[in-house]
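Containing compact mmCIF, C-alpha atoms: data.txt.
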```txt
# COMPACT_ATOMS: atom_id res chain seq x y z
CA MET Y 1 -23.22 37.86 -22.44
CA THR Y 2 -21.26 35.43 -24.60
CA THR Y 3 -18.41 33.29 -23.37
CA ASP Y 4 -15.25 32.95 -25.45
CA PRO Y 5 -14.73 29.17 -25.98
CA ASN Y 6 -10.97 29.71 -26.39
CA ARG Y 7 -10.80 31.35 -22.98
CA LYS Y 8 -12.68 28.48 -21.32
CA TRP Y 9 -10.36 25.96 -22.99
CA THR Y 10 -7.14 27.69 -21.90
CA LEU Y 11 -8.41 28.22 -18.34
CA GLY Y 12 -9.26 24.51 -18.21
CA ARG Y 13 -5.76 23.69 -19.40
CA ALA Y 14 -4.29 25.96 -16.69
CA LEU Y 15 -6.27 24.14 -13.99
CA ALA Y 16 -5.19 20.75 -15.35
CA LEU Y 17 -1.54 21.82 -15.31
CA ALA Y 18 -1.84 23.08 -11.72
CA THR Y 19 -3.39 19.75 -10.67
CA CYS Y 20 -0.58 17.77 -12.32
CA LEU Y 21 2.08 19.90 -10.62
CA ALA Y 22 0.42 19.34 -7.22
CA ILE Y 23 0.38 15.57 -7.76
CA LEU Y 24 4.05 15.52 -8.83
CA THR Y 25 5.03 17.56 -5.78
CA ALA Y 26 3.22 15.12 -3.47
CA CYS Y 27 4.92 12.13 -5.13
CA ALA Y 28 8.34 13.73 -4.78
CA SER Y 29 7.96 13.80 -0.97
CA ARG Y 30 7.50 10.03 -0.74
CA PRO Y 31 10.48 7.66 -0.69
CA VAL Y 32 11.18 5.57 -3.76
CA VAL Y 33 11.09 1.88 -2.81
CA ARG Y 34 12.86 -0.97 -4.64
CA THR Y 35 12.66 -4.62 -3.59
CA GLN Y 36 14.02 -7.97 -4.69
CA SER Y 37 13.08 -11.52 -3.73
CA ALA Y 38 14.84 -14.86 -3.98
CA PRO Y 39 13.54 -17.11 -6.78
CA ALA Y 40 10.64 -19.39 -5.79
CA LEU Y 41 10.36 -17.68 -2.40
CA ASP Y 42 8.00 -19.53 -0.03
CA LEU Y 43 7.38 -17.39 3.05
CA GLN Y 44 4.87 -19.84 4.53
CA LYS Y 45 7.66 -22.02 5.94
CA PHE Y 46 9.04 -19.13 8.01
CA GLN Y 47 7.23 -18.42 11.26
CA SER Y 48 9.64 -16.47 13.48
CA PHE Y 49 12.10 -13.60 13.20
CA GLY Y 50 14.95 -11.95 15.01
CA PHE Y 51 17.82 -9.58 14.25
CA VAL Y 52 21.42 -10.16 13.29
CA GLU Y 53 23.78 -9.77 16.24
CA HIS Y 54 25.57 -6.74 14.80
CA PRO Y 55 23.42 -4.81 12.30
CA ASP Y 56 25.24 -2.61 9.80
CA THR Y 57 23.86 0.41 11.67
CA ASP Y 58 26.04 -0.57 14.67
CA LYS Y 59 29.47 -0.28 13.03
CA ALA Y 60 30.79 1.66 16.02
CA GLY Y 61 30.44 -1.43 18.23
CA TYR Y 62 27.45 -0.33 20.27
CA THR Y 63 23.70 -0.19 19.74
CA THR Y 64 22.78 3.15 18.18
CA LEU Y 65 19.48 4.98 18.51
CA THR Y 66 18.96 4.36 14.79
CA THR Y 67 19.18 0.61 15.41
CA ARG Y 68 16.70 0.82 18.28
CA TYR Y 69 14.20 2.77 16.16
CA LEU Y 70 14.64 0.35 13.26
CA LYS Y 71 14.14 -2.71 15.46
CA ASP Y 72 10.94 -1.23 16.92
CA ALA Y 73 9.54 -0.37 13.49
CA VAL Y 74 10.49 -3.70 11.87
CA THR Y 75 9.12 -5.63 14.86
CA ARG Y 76 5.73 -3.93 14.42
CA GLU Y 77 5.67 -4.83 10.72
CA MET Y 78 6.70 -8.47 11.27
CA LEU Y 79 4.26 -9.03 14.13
CA ALA Y 80 1.47 -7.57 11.99
CA ARG Y 81 2.25 -10.25 9.41
CA GLY Y 82 1.91 -13.10 11.90
CA TYR Y 83 5.56 -13.74 12.71
CA THR Y 84 6.69 -14.28 16.28
CA ALA Y 85 9.84 -12.84 17.82
CA SER Y 86 12.37 -15.51 18.78
CA THR Y 87 15.93 -15.95 19.99
CA GLU Y 88 16.25 -18.87 17.54
CA PRO Y 89 14.38 -17.42 14.57
CA ASP Y 90 13.67 -18.72 11.09
CA LEU Y 91 14.46 -15.28 9.69
CA LEU Y 92 17.14 -12.77 10.59
CA VAL Y 93 16.76 -9.09 9.78
CA ASN Y 94 19.60 -6.69 9.05
CA PHE Y 95 19.48 -3.05 8.07
CA SER Y 96 21.83 -0.42 6.72
CA THR Y 97 21.56 3.30 6.08
CA GLY Y 98 23.39 5.77 3.91
CA SER Y 99 23.26 9.37 2.76
CA ARG Y 100 24.80 11.62 0.16
CA ASP Y 101 24.61 15.27 -0.75
CA LYS Y 102 23.42 16.20 -4.22
CA ILE Y 103 23.41 19.49 -6.08
CA GLU Y 104 20.14 19.99 -7.90
CA GLY Y 105 19.21 22.62 -10.42
CA ASN Y 106 15.85 23.14 -12.08
CA ALA Y 107 14.97 25.62 -14.76
CA TRP Y 108 11.39 26.81 -14.78
CA PRO Y 109 9.35 28.85 -17.25
CA ASP Y 110 8.05 32.32 -16.60
CA VAL Y 111 4.55 31.33 -17.70
CA GLY Y 112 1.25 33.04 -17.13
CA LEU Y 113 -2.17 33.66 -18.55
CA GLY Y 114 -2.54 36.87 -20.49
CA TRP Y 115 -3.92 38.56 -23.55
CA GLY Y 116 -2.18 37.25 -26.66
CA HIS Y 117 -0.01 39.81 -28.47
CA TRP Y 118 -0.22 38.27 -31.92
CA SER Y 119 -3.66 36.67 -31.73
CA ARG Y 120 -7.02 37.28 -30.21
CA GLY Y 121 -8.04 35.60 -26.96
CA TRP Y 122 -6.32 34.27 -23.88
CA GLY Y 123 -3.20 32.14 -24.16
CA TRP Y 124 0.05 31.00 -22.61
CA GLY Y 125 3.11 33.20 -22.79
CA GLY Y 126 6.58 33.50 -21.31
CA SER Y 127 10.06 32.02 -21.53
CA TRP Y 128 12.48 29.81 -19.62
CA GLY Y 129 13.96 32.35 -17.29
CA GLY Y 130 14.79 30.93 -13.84
CA ARG Y 131 17.10 28.42 -12.20
CA ASP Y 132 16.99 27.04 -8.68
CA ILE Y 133 20.33 25.63 -7.50
CA ARG Y 134 20.40 23.91 -4.13
CA THR Y 135 22.15 21.17 -2.19
CA VAL Y 136 19.94 18.39 -0.85
CA THR Y 137 20.66 15.27 1.17
CA GLU Y 138 19.37 11.95 -0.14
CA GLY Y 139 19.03 9.19 2.43
CA SER Y 140 18.62 5.46 1.93
CA LEU Y 141 17.47 2.63 4.16
CA THR Y 142 17.89 -1.04 3.24
CA ILE Y 143 16.23 -3.92 5.10
CA ASP Y 144 17.53 -7.44 4.41
CA VAL Y 145 15.63 -10.57 5.45
CA VAL Y 146 17.82 -13.67 5.68
CA ASP Y 147 17.08 -17.39 5.98
CA SER Y 148 18.85 -18.08 9.29
CA GLN Y 149 19.48 -21.78 8.52
CA ARG Y 150 20.87 -21.37 5.01
CA LYS Y 151 22.44 -17.96 5.67
CA GLU Y 152 20.89 -16.72 2.42
CA LEU Y 153 19.19 -13.45 1.60
CA ILE Y 154 15.56 -14.10 0.68
CA TRP Y 155 14.18 -10.57 0.45
CA SER Y 156 15.52 -7.02 0.44
CA GLY Y 157 13.84 -3.64 0.33
CA THR Y 158 15.41 -0.21 -0.08
CA ALA Y 159 13.80 3.20 0.36
CA LYS Y 160 15.46 6.34 -0.98
CA GLY Y 161 14.29 9.89 -0.47
CA ARG Y 162 15.22 13.42 0.40
CA VAL Y 163 16.16 14.04 4.04
CA THR Y 164 14.43 17.17 5.30
CA SER Y 165 15.21 19.28 8.34
CA ARG Y 166 12.04 17.84 9.92
CA ASP Y 167 13.46 14.32 9.46
CA GLU Y 168 16.70 15.37 11.13
CA MET Y 169 14.79 16.82 14.09
CA ASN Y 170 12.57 13.74 14.45
CA PRO Y 171 14.49 10.71 13.11
CA GLN Y 172 12.22 8.13 14.76
CA SER Y 173 9.20 9.36 12.82
CA ALA Y 174 11.21 9.40 9.57
CA ILE Y 175 12.42 5.84 10.21
CA ASP Y 176 8.88 4.63 10.98
CA LYS Y 177 7.62 6.07 7.68
CA ALA Y 178 10.51 4.61 5.66
CA VAL Y 179 10.09 1.13 7.19
CA SER Y 180 6.34 1.26 6.60
CA ALA Y 181 6.90 2.26 2.96
CA ILE Y 182 9.32 -0.65 2.44
CA PHE Y 183 6.99 -3.20 4.01
CA THR Y 184 4.08 -2.21 1.78
CA GLN Y 185 5.96 -4.29 -0.81
CA TYR Y 186 6.80 -7.22 1.45
CA PRO Y 187 5.40 -10.46 -0.05
CA ARG Y 188 3.46 -11.39 3.09
CA GLN Y 189 0.66 -8.97 3.85
CA PRO Y 190 -0.52 -7.99 7.36
CA LEU Y 191 -3.10 -10.23 9.00
CA VAL Y 192 -6.63 -8.88 9.37
CA GLY Y 193 -6.98 -7.00 12.65
CA LYS Y 194 -3.23 -6.58 13.15
CA ALA Y 195 -2.37 -4.26 10.27
CA ASP Y 196 -3.47 -1.01 11.91
CA ASN Y 197 -0.95 0.26 14.41
CA GLY Y 198 -2.67 3.56 14.96
```
Rewrite the structure of this file - the entire thing - as structure tokens.
Amino acid sequence: MTTDPNRKWTLGRALALATCLAILTACASRPVVRTQSAPALDLQKFQSFGFVEHPDTDKAGYTTLTTRYLKDAVTREMLARGYTASTEPDLLVNFSTGSRDKIEGNAWPDVGLGWGHWSRGWGWGGSWGGRDIRTVTEGSLTIDVVDSQRKELIWSGTAKGRVTSRDEMNPQSAIDKAVSAIFTQYPRQPLVGKADNG
């Protein structure tokens, strides 16, 4: 039995496309992180950290659950990097959150493998025939690290991503993941033996 080389090539292309789509879908579920650092930043001179008295997440005048979750998550990340918690810290941490609703629409092709009408062998066919319109919520979390003596921002990280119903049901887990994603780009890496928090 002979094997059609054109069929093998198009099936291979179909598998490659499916793999690419799976990778893109996985990437879309992760937050997008952006950071900025002060020029000539020297983190070695900072040894302790604390939090600003009134974080931006406490605009109502009391400590929110969001603030508590953020403090816990940031404390884990800072301790893992060798900082110590202090009431008179070298660094002060502030955080703010935001959200907005977006309307998204994606057209997709009606594509499939089939017997070619105008040529011999297997091939791609179809047309752009669908549209998915939906409203999604995009959330953002920004963490600012400030030189407490100079009152100057030295580092800032922001994570943006889609807020899912699972995130709304379990905000602490969502906050932990967002903080962890931001700190993967913090200039000072975790110390050996303290980086794994479970």
- Message: Nearest residue to Y:Gly82 out of Y:Ala60, Y:Ile182, Y:Val52, Y:Leu43, using all atoms listed in the file?
- Response: Y:Leu43
- Task: Identify the residues around (18.4, -12.9, 2.5) within a radius of 10 Å, measuring from all atoms listed in the file in the coordinates stated by the file, and give them as a list in words.
- Result: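 In the file's frame, the residues around the point are Gln36, Ser37, Ala38, Leu91, Leu92, Val93, Asn94, Ile143, Asp144, Val145, Val146, Asp147, Ser148, Arg150, Lys151, Glu152, Leu153, Ile154, Trp155 and Ser156 of chain Y.
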- Between Y:Pro39, Y:Gly50, Y:Gly161, Y:Pro171, which has the minimum distance to Y:Pro89 (counting only C-alpha atoms)?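 Selected residue with least distance to Y:Pro89: Y:Gly50.
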- Message: Could you tell me how far atom CA of Y:Thr97 sits from atom CA of Y:Thr137, in Å to one decimal place?
- Response: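 That distance, rounded to one decimal, is 13.0 Å.
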Neighbouring residues of Y:Asp72 were defined as those with any atom within 12 Å, considering only C-alpha atoms; residues of the same chain fewer than 5 positions away were excluded. Please report them as a PDB file with C-alpha atoms, in the coordinates of the input.
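The resulting file, out36.pdb, is shown below:
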```pdb
ATOM      1  CA  GLY Y  50      14.950 -11.950  15.010  1.00  0.00           C
ATOM      2  CA  PHE Y  51      17.820  -9.580  14.250  1.00  0.00           C
ATOM      3  CA  LEU Y  65      19.480   4.980  18.510  1.00  0.00           C
ATOM      4  CA  THR Y  66      18.960   4.360  14.790  1.00  0.00           C
ATOM      5  CA  THR Y  67      19.180   0.610  15.410  1.00  0.00           C
ATOM      6  CA  GLU Y  77       5.670  -4.830  10.720  1.00  0.00           C
ATOM      7  CA  MET Y  78       6.700  -8.470  11.270  1.00  0.00           C
ATOM      8  CA  LEU Y  79       4.260  -9.030  14.130  1.00  0.00           C
ATOM      9  CA  ALA Y  85       9.840 -12.840  17.820  1.00  0.00           C
ATOM     10  CA  GLN Y 172      12.220   8.130  14.760  1.00  0.00           C
ATOM     11  CA  SER Y 173       9.200   9.360  12.820  1.00  0.00           C
ATOM     12  CA  ILE Y 175      12.420   5.840  10.210  1.00  0.00           C
ATOM     13  CA  ASP Y 176       8.880   4.630  10.980  1.00  0.00           C
ATOM     14  CA  VAL Y 179      10.090   1.130   7.190  1.00  0.00           C
ATOM     15  CA  SER Y 180       6.340   1.260   6.600  1.00  0.00           C
TER      16      SER Y 180
END
```
Output as JSON the centre and edge lengths (Å, one decimal) of the box along x, y and z of the file that holds every listed atom of stretch 53-64 of chain Y after adding 6 Å on each side.
```
{"center_x": 26.8, "center_y": -3.3, "center_z": 15.0, "size_x": 20.0, "size_y": 24.9, "size_z": 22.5}
```
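Counting from atom CA of Y:Arg166, the distance to atom CA of Y:Ser99 is 15.8 Å.
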- Item | Distance of atom CA of Y:Val33 from atom CA of Y:Thr158, expressed in Å to one decimal place |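 Straight-line distance from atom CA of Y:Thr158 to atom CA of Y:Val33 works out to 5.5 Å.
Take the candidates Y:Ala80, Y:Gln44, Y:Tyr69, Y:Thr75 and check each one against Y:Asn170 using all atoms listed in the file; the shortest distance goes to Y:Tyr69.
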- Distance criterion (all atoms listed in the file): nearest to Y:Ser165 out of Y:Ala73, Y:Val136, Y:Leu41, Y:Leu191: Y:Val136
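Among the candidates Y:Thr57, Y:Gln47, Y:Thr184, Y:Thr63, the residue lying nearest to Y:Thr142 is Y:Thr57 (atoms considered: all atoms listed in the file).
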- Message: Counting only C-alpha atoms, which residue out of Y:Thr35, Y:Tyr62, Y:Gly98, Y:Ala159 sits closest to Y:Ala181?
- Response: Y:Ala159
- Query: In file coordinates, which residues lie within 7 Å of (2.0, -13.6, 7.6) using only C-alpha atoms, given as number ranges by chain?
  - Reply: Y: 81-83, 188-191
